[in-house]
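Student: One file is attached below, model14.csv, containing CSV, C-alpha atoms and all ligand atoms.
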chain,number,residue,atom,x,y,z
I,238,MET,CA,-31.7,5.0,4.4
I,239,LYS,CA,-32.8,3.7,1.0
I,240,TYR,CA,-36.5,3.0,0.4
I,241,VAL,CA,-37.3,0.3,-2.2
I,242,ASN,CA,-40.8,1.5,-3.1
I,243,GLY,CA,-40.5,-0.5,-6.2
I,244,LEU,CA,-40.4,-3.8,-4.3
I,245,ALA,CA,-42.4,-6.2,-6.3
I,246,ALA,CA,-45.8,-6.5,-4.7
I,247,ALA,CA,-45.7,-10.3,-5.2
I,248,SER,CA,-42.7,-10.5,-2.9
I,249,VAL,CA,-44.6,-9.1,0.0
I,250,LEU,CA,-48.2,-10.3,-0.5
I,251,PHE,CA,-47.9,-13.9,0.7
I,252,VAL,CA,-45.5,-14.2,3.5
I,253,GLY,CA,-47.3,-17.0,5.3
I,254,PHE,CA,-46.3,-18.4,8.6
I,255,ALA,CA,-46.2,-22.1,7.5
I,256,GLY,CA,-42.9,-23.1,6.0
I,257,CYS,CA,-41.2,-19.8,6.9
I,258,ALA,CA,-37.9,-20.2,8.8
I,259,ALA,CA,-38.4,-18.5,12.2
I,260,ALA,CA,-37.0,-15.0,12.1
I,261,ALA,CA,-34.0,-14.4,14.3
I,262,GLY,CA,-34.2,-12.5,17.6
I,263,ILE,CA,-32.7,-9.1,18.3
I,264,ASP,CA,-30.0,-8.9,21.0
I,265,GLY,CA,-31.0,-6.7,23.9
I,266,ALA,CA,-34.6,-6.4,22.7
I,267,PRO,CA,-37.5,-7.1,25.2
I,268,ALA,CA,-39.4,-10.4,25.0
I,269,PRO,CA,-40.6,-11.8,22.7
I,270,PHE,CA,-38.4,-9.9,20.2
I,271,ASN,CA,-35.2,-11.3,21.8
I,272,LYS,CA,-36.2,-14.7,20.5
I,273,GLY,CA,-37.6,-13.8,17.1
I,274,GLY,CA,-40.4,-15.5,15.2
I,275,VAL,CA,-43.1,-13.2,16.5
I,276,LYS,CA,-46.2,-13.7,14.4
I,277,VAL,CA,-48.1,-10.6,13.2
I,278,ALA,CA,-50.9,-10.3,10.7
I,279,LEU,CA,-51.4,-7.3,8.4
I,280,ILE,CA,-55.0,-7.3,7.3
I,281,SER,CA,-55.8,-4.9,4.5
I,282,TYR,CA,-59.1,-3.8,3.1
I,283,ILE,CA,-57.6,-2.5,-0.2
I,284,SER,CA,-54.5,-3.8,-1.8
I,285,ALA,CA,-54.8,-2.5,-5.4
I,286,GLY,CA,-52.8,0.6,-6.3
I,287,ASP,CA,-49.4,2.1,-5.6
I,288,PHE,CA,-50.2,3.4,-2.1
I,289,PHE,CA,-51.2,0.1,-0.6
I,290,GLN,CA,-48.4,-1.9,-2.3
I,291,SER,CA,-45.8,0.6,-1.0
I,292,TYR,CA,-47.5,0.6,2.5
I,293,GLN,CA,-47.2,-3.2,2.5
I,294,ALA,CA,-43.5,-3.1,1.3
I,295,GLY,CA,-42.6,-0.8,4.1
I,296,ALA,CA,-44.4,-2.9,6.7
I,297,GLN,CA,-42.6,-6.0,5.4
I,298,ALA,CA,-39.2,-4.3,5.5
I,299,GLN,CA,-39.8,-3.1,9.1
I,300,ALA,CA,-41.1,-6.5,10.1
I,301,SER,CA,-38.0,-8.3,8.8
I,302,LYS,CA,-35.8,-6.0,10.8
I,303,LEU,CA,-37.8,-6.8,14.0
I,304,GLY,CA,-37.7,-10.6,13.5
I,305,ILE,CA,-41.4,-10.6,12.9
I,306,ASP,CA,-43.0,-13.3,10.7
I,307,LEU,CA,-45.5,-11.1,8.9
I,308,ARG,CA,-48.5,-12.5,7.1
I,309,ILE,CA,-50.2,-10.1,4.8
I,310,PHE,CA,-53.8,-10.8,4.1
I,311,PRO,CA,-54.5,-9.2,0.7
I,312,GLY,CA,-57.6,-6.9,0.8
I,313,LYS,CA,-60.2,-7.3,-1.9
I,314,GLN,CA,-62.4,-4.4,-0.9
I,315,ASN,CA,-64.6,-7.0,0.7
I,316,ALA,CA,-65.8,-6.3,4.2
I,317,ALA,CA,-66.9,-9.9,4.9
I,318,GLU,CA,-63.6,-11.3,3.8
I,319,GLN,CA,-61.7,-8.8,6.0
I,320,ARG,CA,-63.8,-9.9,8.9
I,321,GLU,CA,-63.0,-13.6,8.2
I,322,GLN,CA,-59.3,-12.8,7.9
I,323,ILE,CA,-59.3,-11.2,11.4
I,324,GLN,CA,-60.9,-14.3,12.7
I,325,GLN,CA,-58.3,-16.5,10.9
I,326,ALA,CA,-55.5,-14.4,12.4
I,327,ILE,CA,-57.0,-14.9,15.9
I,328,ASN,CA,-57.1,-18.7,15.2
I,329,LEU,CA,-53.5,-18.7,14.0
I,330,GLY,CA,-52.5,-17.4,17.4
I,331,VAL,CA,-50.8,-14.2,16.2
I,332,ALA,CA,-49.2,-11.9,18.8
I,333,GLY,CA,-50.4,-8.8,16.9
I,334,ILE,CA,-52.7,-7.5,14.2
I,335,VAL,CA,-52.4,-4.4,12.0
I,336,VAL,CA,-55.8,-3.5,10.5
I,337,ASP,CA,-55.3,-1.4,7.4
I,338,HIS,CA,-58.4,0.4,6.3
I,339,GLY,CA,-61.9,-1.2,6.4
I,340,LEU,CA,-65.4,-0.5,7.5
I,341,PRO,CA,-65.7,-0.2,11.3
I,342,GLU,CA,-69.2,-1.6,11.4
I,343,SER,CA,-68.2,-4.9,9.9
I,344,ILE,CA,-65.0,-5.5,11.9
I,345,GLY,CA,-65.4,-3.8,15.3
I,346,ASP,CA,-66.7,-6.9,17.1
I,347,VAL,CA,-64.0,-9.2,15.8
I,348,VAL,CA,-61.3,-6.7,16.6
I,349,GLN,CA,-62.7,-6.7,20.2
I,350,GLN,CA,-62.5,-10.6,20.1
I,351,ALA,CA,-58.8,-10.3,19.2
I,352,VAL,CA,-58.2,-7.8,22.0
I,353,ASP,CA,-60.1,-10.1,24.4
I,354,ALA,CA,-57.8,-12.9,23.3
I,355,GLY,CA,-54.7,-10.9,24.4
I,356,ILE,CA,-53.7,-10.0,20.8
I,357,LYS,CA,-52.3,-6.5,20.4
I,358,VAL,CA,-54.1,-4.6,17.6
I,359,VAL,CA,-53.3,-1.3,15.9
I,360,ALA,CA,-55.4,0.3,13.1
I,361,PHE,CA,-54.3,2.5,10.1
I,362,ASP,CA,-57.0,4.7,8.6
I,363,VAL,CA,-60.0,2.9,10.1
I,364,ASN,CA,-61.7,4.4,13.2
I,365,LEU,CA,-62.4,1.4,15.4
I,366,ASN,CA,-63.3,3.6,18.4
I,367,ASN,CA,-61.6,1.1,20.7
I,368,PRO,CA,-59.5,2.4,23.5
I,369,ALA,CA,-57.2,-0.6,23.3
I,370,VAL,CA,-56.5,0.1,19.6
I,371,PRO,CA,-54.1,2.9,18.7
I,372,GLN,CA,-55.0,4.7,15.4
I,373,ILE,CA,-52.4,5.6,12.8
I,374,GLU,CA,-53.1,8.3,10.3
I,375,GLN,CA,-51.4,10.8,7.9
I,376,SER,CA,-52.8,14.0,9.4
I,377,ASP,CA,-55.5,14.1,6.8
I,378,HIS,CA,-56.8,17.5,7.7
I,379,GLU,CA,-53.4,19.0,7.2
I,380,LEU,CA,-52.9,17.0,4.0
I,381,ALA,CA,-56.1,18.4,2.5
I,382,ARG,CA,-55.3,21.9,3.8
I,383,LEU,CA,-51.9,21.8,2.1
I,384,ALA,CA,-53.4,20.8,-1.3
I,385,LEU,CA,-56.2,23.3,-1.1
I,386,GLU,CA,-54.0,26.2,-0.1
I,387,GLN,CA,-51.9,25.4,-3.2
I,388,ALA,CA,-55.1,25.4,-5.3
I,389,VAL,CA,-55.8,29.0,-4.0
I,390,LYS,CA,-52.3,30.1,-4.6
I,391,GLU,CA,-52.4,29.0,-8.2
I,392,ASN,CA,-56.1,29.8,-9.0
I,393,GLY,CA,-57.2,32.5,-6.6
I,394,SER,CA,-60.1,32.0,-4.3
I,395,LYS,CA,-62.9,32.1,-6.9
I,396,PHE,CA,-63.3,29.1,-9.1
I,397,GLN,CA,-65.7,26.4,-10.2
I,398,ALA,CA,-64.6,23.0,-8.8
I,399,GLY,CA,-65.1,19.3,-9.2
I,400,TYR,CA,-64.7,17.2,-6.1
I,401,VAL,CA,-63.9,13.4,-5.9
I,402,TYR,CA,-65.1,11.8,-2.7
I,403,VAL,CA,-66.4,8.4,-1.5
I,404,ALA,CA,-67.9,8.5,2.1
I,405,GLY,CA,-67.1,5.8,4.6
I,406,PHE,CA,-63.3,5.7,4.4
I,407,ALA,CA,-61.7,7.4,7.4
I,408,PRO,CA,-59.0,9.4,5.5
I,409,LEU,CA,-61.4,10.5,2.9
I,410,ASP,CA,-64.0,11.5,5.5
I,411,ARG,CA,-61.3,13.6,7.4
I,412,ARG,CA,-60.2,15.2,4.1
I,413,ASN,CA,-63.8,16.0,3.4
I,414,GLU,CA,-64.2,17.9,6.7
I,415,THR,CA,-61.4,20.1,5.5
I,416,TRP,CA,-63.0,20.5,2.0
I,417,GLU,CA,-66.3,21.6,3.7
I,418,LYS,CA,-64.5,24.1,5.9
I,419,PHE,CA,-62.5,25.4,2.9
I,420,LYS,CA,-65.8,26.0,1.0
I,421,SER,CA,-67.3,27.9,3.8
I,422,ASP,CA,-64.1,30.0,4.2
I,423,ASN,CA,-64.1,30.6,0.4
I,424,PRO,CA,-67.7,31.2,-0.6
I,425,ASP,CA,-66.6,32.0,-4.2
I,426,VAL,CA,-65.4,28.4,-4.6
I,427,VAL,CA,-68.3,26.6,-6.1
I,428,GLU,CA,-68.5,22.8,-6.0
I,429,LYS,CA,-70.2,22.1,-9.3
I,430,THR,CA,-70.2,18.3,-9.0
I,431,ARG,CA,-68.9,15.5,-6.9
I,432,PHE,CA,-68.2,11.9,-7.9
I,433,GLY,CA,-65.9,9.0,-7.2
I,434,VAL,CA,-65.7,5.3,-6.7
I,435,VAL,CA,-63.4,3.0,-4.7
I,436,SER,CA,-63.0,-0.4,-6.2
I,437,ASP,CA,-60.3,-2.6,-7.7
I,438,THR,CA,-60.5,-0.3,-10.8
I,439,THR,CA,-60.7,3.0,-9.0
I,440,ALA,CA,-58.7,5.1,-11.5
I,441,THR,CA,-60.5,3.9,-14.6
I,442,SER,CA,-64.0,3.9,-13.0
I,443,THR,CA,-63.3,7.5,-11.7
I,444,ALA,CA,-62.2,8.5,-15.2
I,445,ASP,CA,-65.6,7.4,-16.7
I,446,GLN,CA,-67.4,9.5,-14.0
I,447,ALA,CA,-65.0,12.5,-14.5
I,448,LYS,CA,-65.7,12.5,-18.3
I,449,ALA,CA,-69.4,12.8,-17.7
I,450,ALA,CA,-68.8,15.5,-15.0
I,451,PHE,CA,-66.6,17.6,-17.3
I,452,ILE,CA,-69.1,17.3,-20.2
I,453,ALA,CA,-71.9,18.4,-17.9
I,454,ASN,CA,-69.8,21.2,-16.3
I,455,PRO,CA,-67.5,22.7,-18.9
I,456,ASP,CA,-66.7,25.7,-16.5
I,457,ILE,CA,-64.8,23.5,-14.0
I,458,LYS,CA,-61.2,24.8,-13.6
I,459,VAL,CA,-60.0,23.0,-10.5
I,460,VAL,CA,-60.5,19.4,-9.3
I,461,PHE,CA,-59.9,18.4,-5.7
I,462,ALA,CA,-59.1,14.6,-5.9
I,463,PRO,CA,-57.6,13.7,-2.6
I,464,TYR,CA,-56.5,10.1,-3.4
I,465,ASP,CA,-53.9,9.4,-6.1
I,466,GLU,CA,-56.1,6.9,-7.9
I,467,PHE,CA,-58.8,9.6,-8.1
I,468,ALA,CA,-56.3,12.1,-9.5
I,469,ARG,CA,-55.2,9.6,-12.1
I,470,GLY,CA,-58.8,9.0,-13.2
I,471,VAL,CA,-59.5,12.7,-13.5
I,472,LYS,CA,-56.3,13.3,-15.5
I,473,LEU,CA,-57.1,10.4,-17.8
I,474,ALA,CA,-60.6,12.0,-18.5
I,475,ALA,CA,-59.1,15.4,-19.0
I,476,ARG,CA,-56.6,14.0,-21.5
I,477,ASP,CA,-59.2,12.0,-23.4
I,478,LEU,CA,-61.5,15.1,-23.6
I,479,GLY,CA,-58.6,17.3,-24.8
I,480,ILE,CA,-59.1,19.7,-21.8
I,481,ALA,CA,-55.9,19.0,-19.9
I,482,ASP,CA,-54.7,22.6,-20.4
I,483,LYS,CA,-57.9,24.0,-18.9
I,484,ILE,CA,-58.0,22.3,-15.6
I,485,ARG,CA,-55.7,21.8,-12.6
I,486,ILE,CA,-55.9,18.8,-10.3
I,487,TYR,CA,-54.9,18.8,-6.5
I,488,SER,CA,-54.5,15.5,-4.8
I,489,ALA,CA,-53.2,13.3,-2.0
I,490,ASP,CA,-50.6,10.6,-2.1
I,491,VAL,CA,-47.5,10.1,-4.2
I,492,SER,CA,-45.7,7.2,-5.9
I,493,THR,CA,-43.0,6.9,-8.5
I,494,ALA,CA,-45.7,6.5,-11.2
I,495,ASP,CA,-47.5,9.6,-9.8
I,496,ILE,CA,-44.3,11.7,-10.0
I,497,GLN,CA,-44.0,10.7,-13.7
I,498,GLU,CA,-47.7,11.7,-14.3
I,499,ILE,CA,-47.4,15.0,-12.4
I,500,THR,CA,-44.2,16.2,-14.1
I,501,GLU,CA,-44.8,15.1,-17.6
I,502,GLU,CA,-45.3,17.8,-20.3
I,503,GLY,CA,-48.8,19.3,-20.2
I,504,SER,CA,-49.9,17.5,-17.1
I,505,PRO,CA,-52.9,19.0,-15.4
I,506,TRP,CA,-51.9,17.4,-12.1
I,507,ALA,CA,-50.6,20.5,-10.3
I,508,ALA,CA,-49.8,19.3,-6.8
I,509,THR,CA,-50.2,16.6,-4.2
I,510,ALA,CA,-49.9,16.4,-0.5
I,511,ALA,CA,-48.4,13.1,0.7
I,512,THR,CA,-46.4,10.9,3.0
I,513,ASN,CA,-44.2,8.0,1.9
I,514,PRO,CA,-46.6,5.1,2.3
I,515,ALA,CA,-43.7,2.8,3.0
I,516,VAL,CA,-42.8,4.9,6.0
I,517,VAL,CA,-46.4,4.7,7.2
I,518,GLY,CA,-46.3,0.9,6.8
I,519,ALA,CA,-43.1,0.8,8.9
I,520,VAL,CA,-44.7,3.0,11.6
I,521,SER,CA,-47.7,0.6,11.7
I,522,ILE,CA,-45.4,-2.4,12.4
I,523,ARG,CA,-43.4,-0.5,15.0
I,524,ALA,CA,-46.6,0.5,16.8
I,525,VAL,CA,-47.8,-3.1,17.0
I,526,ALA,CA,-44.3,-4.4,18.0
I,527,LEU,CA,-44.1,-1.9,20.9
I,528,LYS,CA,-47.5,-3.0,22.1
I,529,ILE,CA,-46.5,-6.6,21.9
I,530,ALA,CA,-43.3,-5.7,23.9
I,531,GLY,CA,-45.6,-4.2,26.6
I,532,THR,CA,-44.7,-0.6,25.9
I,533,ASP,CA,-47.4,2.1,25.9
I,534,VAL,CA,-48.0,3.8,22.5
I,535,PRO,CA,-50.0,6.9,22.0
I,536,ARG,CA,-53.7,6.5,21.1
I,537,GLN,CA,-53.2,8.6,18.0
I,538,ILE,CA,-50.1,8.2,15.9
I,539,VAL,CA,-49.5,10.7,13.1
I,540,VAL,CA,-47.2,10.7,10.1
I,541,LYS,CA,-47.1,14.2,8.7
I,542,PRO,CA,-47.5,14.9,5.0
I,543,ALA,CA,-45.5,17.3,2.8
I,544,LEU,CA,-46.7,19.4,-0.2
I,545,LEU,CA,-45.2,18.4,-3.6
I,546,THR,CA,-46.0,20.8,-6.4
I,547,GLN,CA,-45.4,20.1,-10.1
I,548,ALA,CA,-43.0,23.1,-10.3
I,549,ALA,CA,-40.9,21.9,-7.3
I,550,LEU,CA,-40.7,18.3,-8.5
I,551,ARG,CA,-39.7,19.5,-12.0
I,552,GLU,CA,-37.1,21.9,-10.6
I,553,ALA,CA,-35.6,19.3,-8.3
I,554,GLY,CA,-35.5,16.8,-11.2
I,555,VAL,CA,-37.1,14.2,-8.9
I,556,LYS,CA,-38.3,11.1,-10.8
I,557,THR,CA,-38.8,8.5,-8.1
I,558,ILE,CA,-39.9,8.0,-4.5
I,559,ASP,CA,-36.3,7.0,-3.7
I,560,GLU,CA,-35.0,10.3,-5.1
I,561,LEU,CA,-37.7,12.1,-3.1
I,562,ALA,CA,-36.6,10.3,0.0
I,563,ALA,CA,-33.0,11.4,-0.5
I,564,LYS,CA,-34.2,15.1,-0.6
I,565,VAL,CA,-37.1,15.2,1.9
I,566,ARG,CA,-36.3,13.6,5.3
I,567,SER,CA,-40.0,12.7,6.1
I,568,PHE,CA,-40.0,10.6,3.0
I,569,SER,CA,-37.2,8.4,4.2
I,570,THR,CA,-38.0,8.0,7.9
I,571,SER,CA,-40.3,8.9,10.8
I,572,ASP,CA,-39.6,9.3,14.4
I,573,ALA,CA,-43.1,8.1,15.3
I,574,VAL,CA,-43.2,5.2,17.7
I,575,THR,CA,-39.7,3.9,17.9
I,576,ALA,CA,-37.3,2.6,20.6
I,577,ASP,CA,-33.6,2.0,21.1
I,578,TRP,CA,-33.9,-1.7,20.3
I,579,ILE,CA,-35.7,-1.1,17.0
I,580,PRO,CA,-33.2,-1.0,14.1
I,581,ALA,CA,-33.3,2.4,12.4
I,582,ASN,CA,-32.5,1.3,8.9
I,583,LEU,CA,-35.0,-0.7,6.9
I,584,TYR,CA,-33.0,-1.7,3.9
V,601,LIG,C1,-60.0,4.8,-0.1
V,601,LIG,S1,-59.0,5.5,1.0
V,601,LIG,C2,-57.6,6.0,0.1
V,601,LIG,C3,-56.5,6.7,1.0
V,601,LIG,O1,-56.1,5.8,2.0
V,601,LIG,C4,-54.8,6.2,2.4
V,601,LIG,O2,-54.9,7.1,3.4
V,601,LIG,C5,-54.2,7.0,1.2
V,601,LIG,O3,-53.7,8.2,1.5
V,601,LIG,C6,-55.3,7.1,0.2
V,601,LIG,O4,-55.5,8.4,-0.3
Would you put the structure from the file into structure tokens?
Tutor:
Amino acid sequence: MKYVNGLAAASVLFVGFAGCAAAAGIDGAPAPFNKGGVKVALISYISAGDFFQSYQAGAQAQASKLGIDLRIFPGKQNAAEQREQIQQAINLGVAGIVVDHGLPESIGDVVQQAVDAGIKVVAFDVNLNNPAVPQIEQSDHELARLALEQAVKENGSKFQAGYVYVAGFAPLDRRNETWEKFKSDNPDVVEKTRFGVVSDTTATSTADQAKAAFIANPDIKVVFAPYDEFARGVKLAARDLGIADKIRIYSADVSTADIQEITEEGSPWAATAATNPAVVGAVSIRAVALKIAGTDVPRQIVVKPALLTQAALREAGVKTIDELAAKVRSFSTSDAVTADWIPANLY
């Protein structure tokens, strides 16, 4: 299987229903997939950054294989707009909705309206606390644990740390639970400062905050930055301050651009724990498709992460997500929520 993580974002952002030729049906598939043209909306909260572009590319690829007409509503980190988009999707008469991130308090009631209208809904990384809505996640506790165990392996269990966190995002909140437990299990790890921002300029805004944090806390040796945009910001700050050789960054997520930043000469980005976001996007579409076909799916669907260290990436000579997918099975495919009638190959 070949993953095209580099798919141009523009090619997947606006796949509207109007004017689209109806997608073909799949022989032997249950209704309505035997006829094709099944309308599904993917409603994102965040679309900036490699993770979300790759997630959307994977979702689009899986949708095409299932004869789904997928409309992707681009997120703008705007809760009111996401709410309106869910209402628009209901009015468009879609069969299914994938809600990708968001703030539960601003969308919970419109998601319930969609469910009441007979629309099948699944959610990625937003806790809607709705028994009709399966939740997809990347096993965030495990993801944070993998990164933090590597931090201890490389730095011992006594160090001064910086921590990047923004509350209110389900994956970051789950990773934070692991960070809190890690600190209580390792009392000589001292959190000197925490900072972070999620916006359309997450990396550069985090870099500004990281610079101030490093200047105020020159004894920081390790930074836990469990989102690749955070890690990029911290790395940028360390480079600008000339302290890249004095700190090590442990993160979440991976992209082709991240691999380049992790493996480049003198990079302080020591390791990341990650899934392939394109695989997570594909799993999200399969989950909603199975629900539309009337098949039960688990309430919680997990795509497991893998640890990627700087040393291992350099040694393997891996430069892109496609090369990673060729070496690590979980980066090319997931067995989560699938069925005989769902085509296995995405590209
Ligand atoms: C602001 S939330 C960012 C995270 O969402 C996804 O789970 C990615 O892993 C990313 O780290």
Student: Taking the point (-69.8, 20.1, -8.6) as given in the file, collect each protein or nucleic acid residue that comes within 9 Å of it, counting only C-alpha atoms, and present the set as a PyMOL selection string.
Tutor: chain I and resi 397-400+427-432+450+454+457
Student: From the set I:Asp559, I:Glu374, I:Asp353, I:Asp346, which residue has the shortest atom-to-atom contact distance to ligand LIG 601 (chain V), counting only C-alpha atoms and all ligand atoms?
Tutor: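 Under the stated criterion, the closest residue is I:Glu374.
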Student: Got a sec to check which residues sit within 12 Å of (-72.0, -7.6, 11.7), counting only C-alpha atoms, and write them as a PDB file with C-alpha atoms, in the frame of the given file?
Tutor:
ATOM      1  CA  ALA I 316     -65.800  -6.300   4.200  1.00  0.00           C
ATOM      2  CA  ALA I 317     -66.900  -9.900   4.900  1.00  0.00           C
ATOM      3  CA  GLN I 319     -61.700  -8.800   6.000  1.00  0.00           C
ATOM      4  CA  ARG I 320     -63.800  -9.900   8.900  1.00  0.00           C
ATOM      5  CA  GLU I 321     -63.000 -13.600   8.200  1.00  0.00           C
ATOM      6  CA  LEU I 340     -65.400  -0.500   7.500  1.00  0.00           C
ATOM      7  CA  PRO I 341     -65.700  -0.200  11.300  1.00  0.00           C
ATOM      8  CA  GLU I 342     -69.200  -1.600  11.400  1.00  0.00           C
ATOM      9  CA  SER I 343     -68.200  -4.900   9.900  1.00  0.00           C
ATOM     10  CA  ILE I 344     -65.000  -5.500  11.900  1.00  0.00           C
ATOM     11  CA  GLY I 345     -65.400  -3.800  15.300  1.00  0.00           C
ATOM     12  CA  ASP I 346     -66.700  -6.900  17.100  1.00  0.00           C
ATOM     13  CA  VAL I 347     -64.000  -9.200  15.800  1.00  0.00           C
ATOM     14  CA  VAL I 348     -61.300  -6.700  16.600  1.00  0.00           C
TER      15      VAL I 348
END
Student: Can you check which parts of chain I lie within 7 Å of ligand LIG 601 (chain V)? Per residue, the shortest pair of atoms and distance in Å to one decimal, counting all atoms listed in the file, sorted by chain and number, as a Markdown table.
Tutor:
| residue | atom | partner | partner_atom | distance |
| --- | --- | --- | --- | --- |
| I:Phe288 | CA | V:LIG601 | C5 | 6.3 |
| I:Asp362 | CA | V:LIG601 | O2 | 6.1 |
| I:Gln375 | CA | V:LIG601 | O2 | 6.8 |
| I:Phe406 | CA | V:LIG601 | S1 | 5.5 |
| I:Pro408 | CA | V:LIG601 | O2 | 5.1 |
| I:Leu409 | CA | V:LIG601 | S1 | 5.9 |
| I:Val435 | CA | V:LIG601 | C1 | 6.0 |
| I:Pro463 | CA | V:LIG601 | O4 | 6.1 |
| I:Tyr464 | CA | V:LIG601 | O4 | 3.7 |
| I:Asp465 | CA | V:LIG601 | O4 | 6.1 |
| I:Ala489 | CA | V:LIG601 | O4 | 5.7 |
| I:Asp490 | CA | V:LIG601 | O3 | 5.3 |
Student: Which is closer to I:Ile280 than all the others in I:Ser571, I:Gln314, I:Ser301, I:Thr546, using all atoms listed in the file?
Tutor: I:Gln314
Student: Work out how far atom CA of I:Asn582 is from atom CA of I:Gly273, in Å to one decimal.
Tutor: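 Separating atom CA of I:Gly273 from atom CA of I:Asn582 is a distance of 17.9 Å.
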Student: Report as a list in words all protein, DNA and RNA residues lying within 8 Å of I:Ser281, evaluated on only C-alpha atoms, omitting residues in the same chain fewer than 3 positions from it.
Tutor: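 Listing them by chain and then by number gives Ser284, Ile309, Phe310, Pro311, Gly312, Gln319, Val336, Asp337, His338 and Gly339 of chain I.
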Student: Counting only C-alpha atoms, figure out which residue out of I:Thr438, I:Lys272, I:Ser567, I:Ala384 gets nearest to I:Lys313.
Tutor: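 Among I:Thr438, I:Lys272, I:Ser567, I:Ala384, it is I:Thr438 that comes nearest to I:Lys313.
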Student: Which residue, I:Asn271, I:Asn423, I:Asn513, I:Asn392, has the smallest gap to I:Leu303 when you use only C-alpha atoms?
Tutor: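 For I:Leu303, the nearest of the candidates is I:Asn271.
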Student: Take atom CA of I:Pro514 and atom CA of I:Arg566 and report the distance between them in Å, one decimal.
Tutor: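 Separation of atom CA of I:Pro514 and atom CA of I:Arg566: 13.7 Å.
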Student: Can you pull out the residues contacting I:Val352? Cut-off 12 Å, using only C-alpha atoms, and skip same-chain residues under 3 positions away; I want them as a compact mmCIF listing (two decimals) with C-alpha atoms, keeping the file's coordinate frame.
Tutor:
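The file below, selection-v9.txt, is the result:
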# COMPACT_ATOMS: atom_id res chain seq x y z
CA ILE I 323 -59.30 -11.20 11.40
CA GLN I 324 -60.90 -14.30 12.70
CA ALA I 326 -55.50 -14.40 12.40
CA ILE I 327 -57.00 -14.90 15.90
CA VAL I 331 -50.80 -14.20 16.20
CA ALA I 332 -49.20 -11.90 18.80
CA GLY I 333 -50.40 -8.80 16.90
CA ILE I 334 -52.70 -7.50 14.20
CA GLY I 345 -65.40 -3.80 15.30
CA ASP I 346 -66.70 -6.90 17.10
CA VAL I 347 -64.00 -9.20 15.80
CA VAL I 348 -61.30 -6.70 16.60
CA GLN I 349 -62.70 -6.70 20.20
CA GLY I 355 -54.70 -10.90 24.40
CA ILE I 356 -53.70 -10.00 20.80
CA LYS I 357 -52.30 -6.50 20.40
CA VAL I 358 -54.10 -4.60 17.60
CA VAL I 359 -53.30 -1.30 15.90
CA ASN I 367 -61.60 1.10 20.70
CA PRO I 368 -59.50 2.40 23.50
CA ALA I 369 -57.20 -0.60 23.30
CA VAL I 370 -56.50 0.10 19.60
CA PRO I 371 -54.10 2.90 18.70
CA LYS I 528 -47.50 -3.00 22.10
CA ILE I 529 -46.50 -6.60 21.90
Student: For atom CA of I:Ile480 and atom CA of I:Leu544, quote the distance in Å rounded to one decimal.
Tutor: 24.9 Å
